[in-house]
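Structure data (mmCIF, C-alpha atoms) from query.cif:
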```cif
data_final
loop_
_atom_site.group_PDB
_atom_site.id
_atom_site.type_symbol
_atom_site.label_atom_id
_atom_site.label_comp_id
_atom_site.auth_asym_id
_atom_site.auth_seq_id
_atom_site.Cartn_x
_atom_site.Cartn_y
_atom_site.Cartn_z
ATOM 1 C CA MET A 59 106.566 99.444 74.372
ATOM 2 C CA GLY A 60 105.682 102.527 76.339
ATOM 3 C CA ARG A 61 108.070 104.995 77.911
ATOM 4 C CA ILE A 62 108.310 106.454 81.388
ATOM 5 C CA PHE A 63 109.231 110.129 81.050
ATOM 6 C CA CYS A 64 111.054 111.008 84.281
ATOM 7 C CA LEU A 65 110.913 114.699 85.204
ATOM 8 C CA MET A 66 113.927 115.572 87.356
ATOM 9 C CA GLY A 67 115.837 118.529 88.701
ATOM 10 C CA LYS A 68 116.964 120.310 91.805
ATOM 11 C CA SER A 69 114.373 121.853 94.117
ATOM 12 C CA ALA A 70 112.547 124.969 92.887
ATOM 13 C CA VAL A 71 113.444 124.607 89.199
ATOM 14 C CA GLY A 72 109.736 124.592 88.345
ATOM 15 C CA LYS A 73 109.082 120.853 88.115
ATOM 16 C CA ASP A 74 105.559 121.021 89.554
ATOM 17 C CA THR A 75 104.464 123.729 87.125
ATOM 18 C CA ILE A 76 106.038 121.921 84.177
ATOM 19 C CA PHE A 77 104.477 118.625 85.255
ATOM 20 C CA LYS A 78 100.981 120.135 85.330
ATOM 21 C CA VAL A 79 101.361 121.727 81.887
ATOM 22 C CA LEU A 80 102.675 118.487 80.388
ATOM 23 C CA GLN A 81 99.717 116.630 81.885
ATOM 24 C CA GLU A 82 97.350 119.087 80.187
ATOM 25 C CA ASP A 83 99.170 119.052 76.846
ATOM 26 C CA PHE A 84 99.584 115.255 76.744
ATOM 27 C CA PRO A 85 96.354 113.835 78.205
ATOM 28 C CA GLN A 86 97.139 110.478 76.564
ATOM 29 C CA ILE A 87 100.239 110.076 78.765
ATOM 30 C CA LYS A 88 99.372 108.576 82.129
ATOM 31 C CA SER A 89 100.707 109.974 85.396
ATOM 32 C CA VAL A 90 102.422 107.896 88.052
ATOM 33 C CA ILE A 91 101.660 109.126 91.532
ATOM 34 C CA MET A 92 104.423 108.509 94.031
ATOM 35 C CA TYR A 93 104.055 107.908 97.743
ATOM 36 C CA THR A 94 105.508 109.985 100.568
ATOM 37 C CA THR A 95 105.528 110.066 104.352
ATOM 38 C CA ARG A 96 106.122 113.820 104.469
ATOM 39 C CA PRO A 97 103.297 116.040 105.756
ATOM 40 C CA ILE A 98 100.841 117.290 103.182
ATOM 41 C CA ARG A 99 101.372 120.960 102.226
ATOM 42 C CA GLU A 100 98.822 123.709 101.870
ATOM 43 C CA ASN A 101 96.836 123.343 98.610
ATOM 44 C CA GLU A 102 97.945 119.704 98.080
ATOM 45 C CA LYS A 103 95.447 116.861 97.783
ATOM 46 C CA ASN A 104 96.051 113.230 98.693
ATOM 47 C CA GLY A 105 96.278 111.154 95.518
ATOM 48 C CA GLN A 106 97.042 114.158 93.333
ATOM 49 C CA GLU A 107 100.637 115.285 93.996
ATOM 50 C CA TYR A 108 101.432 112.202 96.100
ATOM 51 C CA PHE A 109 99.788 109.456 98.098
ATOM 52 C CA PHE A 110 100.451 110.637 101.653
ATOM 53 C CA VAL A 111 101.005 107.682 103.980
ATOM 54 C CA ASP A 112 102.725 106.995 107.279
ATOM 55 C CA ARG A 113 105.928 104.984 107.753
ATOM 56 C CA GLU A 114 103.998 101.959 108.953
ATOM 57 C CA GLU A 115 102.184 101.802 105.605
ATOM 58 C CA ARG A 116 105.513 102.125 103.776
ATOM 59 C CA ARG A 117 106.917 99.179 105.751
ATOM 60 C CA ARG A 118 103.816 97.125 104.953
ATOM 61 C CA LEU A 119 104.213 97.783 101.211
ATOM 62 C CA GLU A 120 107.909 96.879 101.418
ATOM 63 C CA ALA A 121 107.086 93.623 103.187
ATOM 64 C CA GLU A 122 104.708 92.784 100.343
ATOM 65 C CA GLY A 123 107.510 93.394 97.796
ATOM 66 C CA LYS A 124 105.651 96.282 96.174
ATOM 67 C CA VAL A 125 108.191 99.101 96.690
ATOM 68 C CA ILE A 126 110.213 99.634 93.487
ATOM 69 C CA GLU A 127 112.433 102.305 95.003
ATOM 70 C CA CYS A 128 112.509 104.366 98.181
ATOM 71 C CA ARG A 129 114.507 107.390 99.297
ATOM 72 C CA THR A 130 114.630 108.712 102.846
ATOM 73 C CA TYR A 131 115.628 112.316 103.547
ATOM 74 C CA GLN A 132 116.678 113.432 107.004
ATOM 75 C CA THR A 133 114.857 116.752 107.256
ATOM 76 C CA ILE A 134 114.578 119.315 110.026
ATOM 77 C CA ALA A 135 111.126 117.852 110.759
ATOM 78 C CA GLY A 136 112.403 114.260 110.834
ATOM 79 C CA PRO A 137 112.799 111.543 108.180
ATOM 80 C CA TRP A 138 110.624 111.817 105.060
ATOM 81 C CA ASP A 139 110.283 108.895 102.659
ATOM 82 C CA TYR A 140 109.516 109.206 98.948
ATOM 83 C CA PHE A 141 108.860 105.982 97.090
ATOM 84 C CA THR A 142 107.387 104.349 93.997
ATOM 85 C CA VAL A 143 105.054 101.404 94.404
ATOM 86 C CA ASP A 144 104.226 98.620 91.974
ATOM 87 C CA ASP A 145 100.514 99.110 92.597
ATOM 88 C CA GLY A 146 99.194 98.567 89.082
ATOM 89 C CA GLN A 147 99.640 102.148 87.881
ATOM 90 C CA ILE A 148 102.320 101.219 85.286
ATOM 91 C CA ASP A 149 101.583 99.015 82.262
ATOM 92 C CA LEU A 150 104.223 99.677 79.597
ATOM 93 C CA LYS A 151 102.505 97.400 77.096
ATOM 94 C CA GLU A 152 99.626 99.849 76.925
ATOM 95 C CA ASN A 153 100.756 103.360 77.838
ATOM 96 C CA ASP A 154 103.399 106.032 78.161
ATOM 97 C CA TYR A 155 103.854 107.605 81.602
ATOM 98 C CA LEU A 156 105.025 110.868 83.159
ATOM 99 C CA MET A 157 106.421 110.940 86.668
ATOM 100 C CA HIS A 158 108.588 112.924 89.058
ATOM 101 C CA ALA A 159 111.974 111.366 89.789
ATOM 102 C CA THR A 160 115.331 111.969 91.426
ATOM 103 C CA LEU A 161 118.583 110.592 90.048
ATOM 104 C CA GLU A 162 118.427 107.846 92.656
ATOM 105 C CA SER A 163 114.874 106.861 91.789
ATOM 106 C CA TYR A 164 115.627 107.143 88.059
ATOM 107 C CA GLU A 165 118.484 104.675 88.432
ATOM 108 C CA LYS A 166 116.394 102.196 90.422
ATOM 109 C CA MET A 167 113.456 102.514 88.011
ATOM 110 C CA ARG A 168 115.854 101.924 85.130
ATOM 111 C CA ASP A 169 117.121 98.775 86.836
ATOM 112 C CA TYR A 170 113.536 97.619 87.454
ATOM 113 C CA PHE A 171 111.973 98.353 84.051
ATOM 114 C CA GLY A 172 115.062 98.452 81.794
ATOM 115 C CA ALA A 173 116.957 101.433 80.357
ATOM 116 C CA GLU A 174 114.944 101.459 77.127
ATOM 117 C CA ALA A 175 111.734 102.096 79.078
ATOM 118 C CA LEU A 176 112.896 105.348 80.703
ATOM 119 C CA TYR A 177 113.452 108.802 79.191
ATOM 120 C CA PRO A 178 114.997 111.501 81.440
ATOM 121 C CA LEU A 179 113.702 115.075 81.376
ATOM 122 C CA TYR A 180 116.259 117.004 83.444
ATOM 123 C CA ILE A 181 115.312 120.608 84.315
ATOM 124 C CA GLU A 182 117.957 123.201 85.207
ATOM 125 C CA LEU A 183 117.920 126.743 86.575
ATOM 126 C CA GLU A 184 120.610 129.147 87.759
ATOM 127 C CA ASP A 185 121.113 128.791 91.530
ATOM 128 C CA GLY A 186 120.224 132.388 92.408
ATOM 129 C CA LEU A 187 116.881 132.220 90.600
ATOM 130 C CA ARG A 188 116.227 128.802 92.077
ATOM 131 C CA LEU A 189 116.783 130.052 95.632
ATOM 132 C CA GLU A 190 114.538 133.090 95.042
ATOM 133 C CA ARG A 191 111.749 130.825 93.809
ATOM 134 C CA ALA A 192 112.152 128.453 96.765
ATOM 135 C CA ILE A 193 111.913 131.289 99.289
ATOM 136 C CA GLN A 194 108.874 132.781 97.555
ATOM 137 C CA ARG A 195 107.107 129.410 97.542
ATOM 138 C CA GLU A 196 107.891 128.845 101.213
ATOM 139 C CA ARG A 197 106.491 132.261 102.175
ATOM 140 C CA GLU A 198 103.113 131.054 100.923
ATOM 141 C CA GLN A 199 103.040 128.157 103.422
ATOM 142 C CA LEU A 200 101.104 128.451 106.662
ATOM 143 C CA HIS A 201 104.283 127.653 108.634
ATOM 144 C CA PRO A 202 107.343 128.506 106.484
ATOM 145 C CA ASN A 203 110.387 126.289 107.058
ATOM 146 C CA TYR A 204 113.401 128.179 105.725
ATOM 147 C CA ARG A 205 115.893 125.826 107.370
ATOM 148 C CA GLU A 206 114.552 122.994 105.225
ATOM 149 C CA ILE A 207 115.029 125.114 102.087
ATOM 150 C CA CYS A 208 118.685 125.609 103.008
ATOM 151 C CA ARG A 209 119.163 121.894 103.697
ATOM 152 C CA ARG A 210 117.602 120.888 100.359
ATOM 153 C CA PHE A 211 119.515 123.559 98.446
ATOM 154 C CA LEU A 212 122.857 122.218 99.689
ATOM 155 C CA ALA A 213 121.881 118.551 99.361
ATOM 156 C CA ASP A 214 120.876 119.090 95.727
ATOM 157 C CA ASP A 215 124.466 119.928 94.770
ATOM 158 C CA ASP A 216 125.563 116.463 95.887
ATOM 159 C CA ASP A 217 122.509 114.578 94.611
ATOM 160 C CA PHE A 218 122.573 116.188 91.153
ATOM 161 C CA SER A 219 126.328 116.449 90.704
ATOM 162 C CA GLU A 220 127.723 116.447 87.169
ATOM 163 C CA GLU A 221 129.423 113.162 87.968
ATOM 164 C CA ASN A 222 126.088 111.538 88.826
ATOM 165 C CA LEU A 223 124.347 112.994 85.778
ATOM 166 C CA LEU A 224 127.057 111.760 83.423
ATOM 167 C CA ARG A 225 127.202 108.350 85.096
ATOM 168 C CA LEU A 226 123.524 107.862 84.311
ATOM 169 C CA GLY A 227 123.893 109.148 80.757
ATOM 170 C CA ILE A 228 121.796 112.280 81.278
ATOM 171 C CA ASN A 229 123.198 114.676 78.709
ATOM 172 C CA ARG A 230 120.125 116.590 77.549
ATOM 173 C CA ARG A 231 119.210 119.554 79.782
ATOM 174 C CA TYR A 232 116.136 121.804 79.709
ATOM 175 C CA VAL A 233 116.793 125.282 81.141
ATOM 176 C CA ASN A 234 113.708 126.828 82.786
ATOM 177 C CA GLU A 235 114.619 130.515 82.722
ATOM 178 C CA ASP A 236 111.674 131.031 80.375
ATOM 179 C CA LEU A 237 108.828 128.571 80.910
ATOM 180 C CA GLU A 238 107.479 128.638 77.342
ATOM 181 C CA THR A 239 110.887 128.023 75.782
ATOM 182 C CA CYS A 240 111.557 125.190 78.207
ATOM 183 C CA LEU A 241 108.158 123.609 77.528
ATOM 184 C CA ASP A 242 108.634 123.849 73.761
ATOM 185 C CA ALA A 243 111.872 121.862 73.983
ATOM 186 C CA LEU A 244 110.382 119.300 76.374
ATOM 187 C CA GLU A 245 107.260 118.742 74.299
ATOM 188 C CA LYS A 246 109.223 118.339 71.083
ATOM 189 C CA ASP A 247 111.336 115.575 72.641
ATOM 190 C CA ILE A 248 108.359 113.880 74.280
ATOM 191 C CA ARG A 249 106.480 113.728 70.970
ATOM 192 C CA ALA A 250 109.518 112.188 69.308
ATOM 193 C CA HIS A 251 109.727 109.407 71.902
ATOM 194 C CA MET A 252 106.100 108.598 72.624
ATOM 195 C CA GLN A 253 104.776 105.114 71.960
ATOM 196 C CA THR A 254 101.860 106.614 70.026
ATOM 197 C CA ALA A 255 104.274 108.490 67.756
ATOM 198 C CA LEU A 256 105.903 105.252 66.544
#
```
Can I see the file as structure tokens?
Amino acid sequence: MGRIFCLMGKSAVGKDTIFKVLQEDFPQIKSVIMYTTRPIRENEKNGQEYFFVDREERRRLEAEGKVIECRTYQTIAGPWDYFTVDDGQIDLKENDYLMHATLESYEKMRDYFGAEALYPLYIELEDGLRLERAIQREREQLHPNYREICRRFLADDDDFSEENLLRLGINRRYVNEDLETCLDALEKDIRAHMQTAL
């Protein structure tokens, strides 16, 4: 049976960069593209980072019983939904998968597919460095939204509390102070748990 490698961590720990490198280094692992109702950012493409849809489309997918999990964040710009859809992307009999996740989505995916199908990849970074990276990334946007950075920074402490991590059995951490060192540790563990490695 295949595995779903769930890449998780607080905002601005480098998940997007790590995700892209892992995609390049493990072309045999399929990606799972999530859906979101948030506005598309500069340099993003629909169907690459996310499928960008409106809330009406999300409700339609829910009515059809296709939404595996959904999280709604009350942002400065209004509610943004992030959700995973059973749209045929995942076939654990055939493949391993890599996807972005939060603790909430990880738990719901685990309930849906079974604990043995999921493998958490939790990325950490010291808060000061994380905030610096978030601000730098936001400066590059056409219309920077620093209030949203502050909201997410504070919300992350609750969402990724030690209590929640331990409750879900997430003990292994990957510190992204140095990207190469972090990637080495991630790739070693992924190779050890891939379906093709068995």
Can you measure atom CA of A:Val125 to atom CA of A:Val143 for me? One decimal in Å is fine. 4.5 Å
What residues come out when you apply the PyMOL selection byres ((chain A and resi 213-219) around 8) to this file, written as a PDB file with C-alpha atoms, in the frame of the given file?
```
ATOM      1  CA  GLY A  67     115.837 118.529  88.701  1.00  0.00           C
ATOM      2  CA  LYS A  68     116.964 120.310  91.805  1.00  0.00           C
ATOM      3  CA  SER A  69     114.373 121.853  94.117  1.00  0.00           C
ATOM      4  CA  LEU A 161     118.583 110.592  90.048  1.00  0.00           C
ATOM      5  CA  ARG A 209     119.163 121.894 103.697  1.00  0.00           C
ATOM      6  CA  ARG A 210     117.602 120.888 100.359  1.00  0.00           C
ATOM      7  CA  PHE A 211     119.515 123.559  98.446  1.00  0.00           C
ATOM      8  CA  LEU A 212     122.857 122.218  99.689  1.00  0.00           C
ATOM      9  CA  GLU A 220     127.723 116.447  87.169  1.00  0.00           C
ATOM     10  CA  GLU A 221     129.423 113.162  87.968  1.00  0.00           C
ATOM     11  CA  ASN A 222     126.088 111.538  88.826  1.00  0.00           C
ATOM     12  CA  LEU A 223     124.347 112.994  85.778  1.00  0.00           C
TER      13      LEU A 223
END
```
What does the structure give for the distance between atom CA of A:Glu196 and atom CA of A:Tyr180, in Å to one decimal? 22.9 Å
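Considering the residues A:Asp144, A:Leu187, A:His251, A:Met92 and counting all atoms listed in the file, A:Asn234 has its shortest atom-to-atom contact with A:Leu187.
Omitting stretch 113-118 of chain A and its sequence neighbours fewer than 3 positions away, and counting only C-alpha atoms, the residues within 7 Å are Thr95, Ala121 and Glu122 of chain A.
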Given the file shown, enumerate the residues that the PyMOL selection byres ((chain A and resi 101) around 12) captures and present them as a PDB file with C-alpha atoms, in the frame of the given file.
```pdb
ATOM      1  CA  ILE A  98     100.841 117.290 103.182  1.00  0.00           C
ATOM      2  CA  ARG A  99     101.372 120.960 102.226  1.00  0.00           C
ATOM      3  CA  GLU A 100      98.822 123.709 101.870  1.00  0.00           C
ATOM      4  CA  GLU A 102      97.945 119.704  98.080  1.00  0.00           C
ATOM      5  CA  LYS A 103      95.447 116.861  97.783  1.00  0.00           C
ATOM      6  CA  ASN A 104      96.051 113.230  98.693  1.00  0.00           C
ATOM      7  CA  GLN A 106      97.042 114.158  93.333  1.00  0.00           C
ATOM      8  CA  GLU A 107     100.637 115.285  93.996  1.00  0.00           C
ATOM      9  CA  ARG A 195     107.107 129.410  97.542  1.00  0.00           C
ATOM     10  CA  GLU A 198     103.113 131.054 100.923  1.00  0.00           C
ATOM     11  CA  GLN A 199     103.040 128.157 103.422  1.00  0.00           C
ATOM     12  CA  LEU A 200     101.104 128.451 106.662  1.00  0.00           C
TER      13      LEU A 200
END
```
For A:Asp242, find every residue with an atom within 12 Å (counting all atoms listed in the file), except residues of its own chain fewer than 2 positions away, and show them as a count of residues only. 18
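Here atom CA of A:Lys78 and atom CA of A:Ser163 stand 20.3 Å from one another.
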For the PyMOL selection byres ((chain A and resi 175) around 7), applied here, can you spell out every residue it catches as JSON, numbers by chain? {"A": [60, 61, 62, 171, 172, 173, 174, 176, 177]}
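Proximity of A:Met59, A:Ile148, A:Leu156, A:Ile126 to A:Asp169, computed with all atoms listed in the file, is greatest for A:Ile126.
Distances to A:Glu190 were evaluated for A:Met167, A:Ala243, A:Ala70, A:Leu119 using all atoms listed in the file, and the minimum falls at A:Ala70.
Of the residues under consideration (A:Arg197, A:Arg231, A:Lys124, A:Arg96), A:Arg231 shows the shortest atom-to-atom contact distance to A:Pro178 when counting all atoms listed in the file.
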Nearest candidate to A:Leu150 (options A:Lys73, A:Val90, A:Asp112, A:Tyr164; using only C-alpha atoms): A:Val90
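Ranking A:Ile87, A:Ala192, A:Leu241, A:Leu179 by their shortest atom-to-atom distance to A:Thr160, with all atoms listed in the file included, puts A:Leu179 first.
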The centre and edge lengths of an axis-aligned box containing all atoms of stretch 117-127 of chain A present in the file, extended by 4 Å on each side, are to be given in Å to one decimal, as JSON.
```
{"center_x": 108.1, "center_y": 97.5, "center_z": 99.6, "size_x": 16.6, "size_y": 17.5, "size_z": 20.3}
```
Would you kindly place N, CA and C atoms on stretch 212-229 of chain A and return the model as a compact mmCIF listing (two decimals), keeping the file's coordinate frame?
```
# COMPACT_ATOMS: atom_id res chain seq x y z
N LEU A 212 121.50 122.76 99.60
CA LEU A 212 122.86 122.22 99.69
C LEU A 212 122.91 120.74 99.29
N ALA A 213 121.90 119.98 99.70
CA ALA A 213 121.88 118.55 99.36
C ALA A 213 121.77 118.33 97.86
N ASP A 214 121.06 119.23 97.17
CA ASP A 214 120.88 119.09 95.73
C ASP A 214 122.20 119.09 94.97
N ASP A 215 123.17 119.87 95.46
CA ASP A 215 124.47 119.93 94.77
C ASP A 215 125.15 118.57 94.76
N ASP A 216 124.99 117.81 95.84
CA ASP A 216 125.56 116.46 95.89
C ASP A 216 124.72 115.48 95.08
N ASP A 217 123.39 115.53 95.28
CA ASP A 217 122.51 114.58 94.61
C ASP A 217 122.57 114.71 93.09
N PHE A 218 122.59 115.95 92.60
CA PHE A 218 122.57 116.19 91.15
C PHE A 218 123.93 116.67 90.64
N SER A 219 124.98 116.07 91.15
CA SER A 219 126.33 116.45 90.70
C SER A 219 126.52 116.07 89.24
N GLU A 220 127.43 116.76 88.57
CA GLU A 220 127.72 116.45 87.17
C GLU A 220 128.19 115.01 87.02
N GLU A 221 128.94 114.54 88.00
CA GLU A 221 129.42 113.16 87.97
C GLU A 221 128.25 112.17 87.94
N ASN A 222 127.25 112.43 88.79
CA ASN A 222 126.09 111.54 88.83
C ASN A 222 125.27 111.62 87.54
N LEU A 223 125.10 112.82 87.02
CA LEU A 223 124.35 112.99 85.78
C LEU A 223 125.02 112.26 84.62
N LEU A 224 126.33 112.41 84.52
CA LEU A 224 127.06 111.76 83.42
C LEU A 224 127.08 110.25 83.59
N ARG A 225 127.19 109.79 84.84
CA ARG A 225 127.20 108.35 85.10
C ARG A 225 125.91 107.68 84.62
N LEU A 226 124.81 108.41 84.72
CA LEU A 226 123.52 107.86 84.31
C LEU A 226 123.17 108.22 82.86
N GLY A 227 124.11 108.85 82.17
CA GLY A 227 123.89 109.15 80.76
C GLY A 227 122.89 110.26 80.50
N ILE A 228 122.74 111.17 81.45
CA ILE A 228 121.80 112.28 81.28
C ILE A 228 122.56 113.47 80.71
N ASN A 229 122.46 113.63 79.42
CA ASN A 229 123.20 114.68 78.71
C ASN A 229 122.31 115.84 78.29
```
